[in-house]
Amino acid sequence: MAEKLAPEKRHSFVQGGQKVFEWDQTLEEVNIYITLPPNVPTKLFYCKIQSKHVEVGIKGNSPYLNHDLTGPVKTDSSFWTLEDDIMHITLQKRDKGQTWSSPISGQGQLDPYSADLEQKRLMLQRFQEE
């Protein structure tokens, strides 16, 4: 049954007609997926996760993302990985069960219908855990 409560699909954050990243969430975490540009050595990518801020980029360049987060995260259990040309950022929510309408504060919010579905899915997941 838990499989049905996993995010059904990733949400896309689009700006200027281009997909900036995709994301999804569970009761405990928010996941951000960034497609990496080709022909850049992986060791040049970086991600700084702070309790209410995230910065992502390529060393020696302006940050690709440099934004406040919608909610606070636990920095000691948040992390990032690179695999198959995707940067996967896992942000551990400080407030378990809180529904985020977007990882980035004030930008890319879900439409009201999608936000309602997301909140219902997380409430059901929480109910089944308890």
# chains A, B, ... in the order shown; residues from 1 in each chain; ligands from 1
>>> select_by_dssp(residues="range 3-129 of chain A", states="alpha helix (DSSP H)", output="list in words")
Glu3, Lys4, Leu5, Pro112, Tyr113, Ser114, Ala115, Asp116, Leu117, Glu118, Gln119, Lys120, Arg121, Leu122, Met123, Leu124, Gln125, Arg126, Phe127, Gln128 and Glu129 of chain A
>>> residues_around(residues="range 9-11 of chain A", least_positions_apart="2", cutoff="7 Å", atoms="only C-alpha atoms", output="list in words")
Pro7, Phe13, Glu22, Trp23 and Asp24 of chain A
>>> closest_residue(among="A:Thr35, A:Ser102, A:Gln128, A:Thr42", to="His67 in chain A", atoms="only C-alpha atoms")
A:Ser102
>>> select_by_dssp(residues="chain A", states="strand (DSSP E or B)", output="ChimeraX atom specification")
/A:11-15,18-25,29-35,45-50,53-58,65-69,73-83,86-93,104
>>> residues_around(residues="range 89-96 of chain A", least_positions_apart="5", cutoff="12 Å", atoms="only C-alpha atoms", output="PyMOL selection string")
chain A and resi 21-35+46-56+69-83+103-104+122-123+125-126
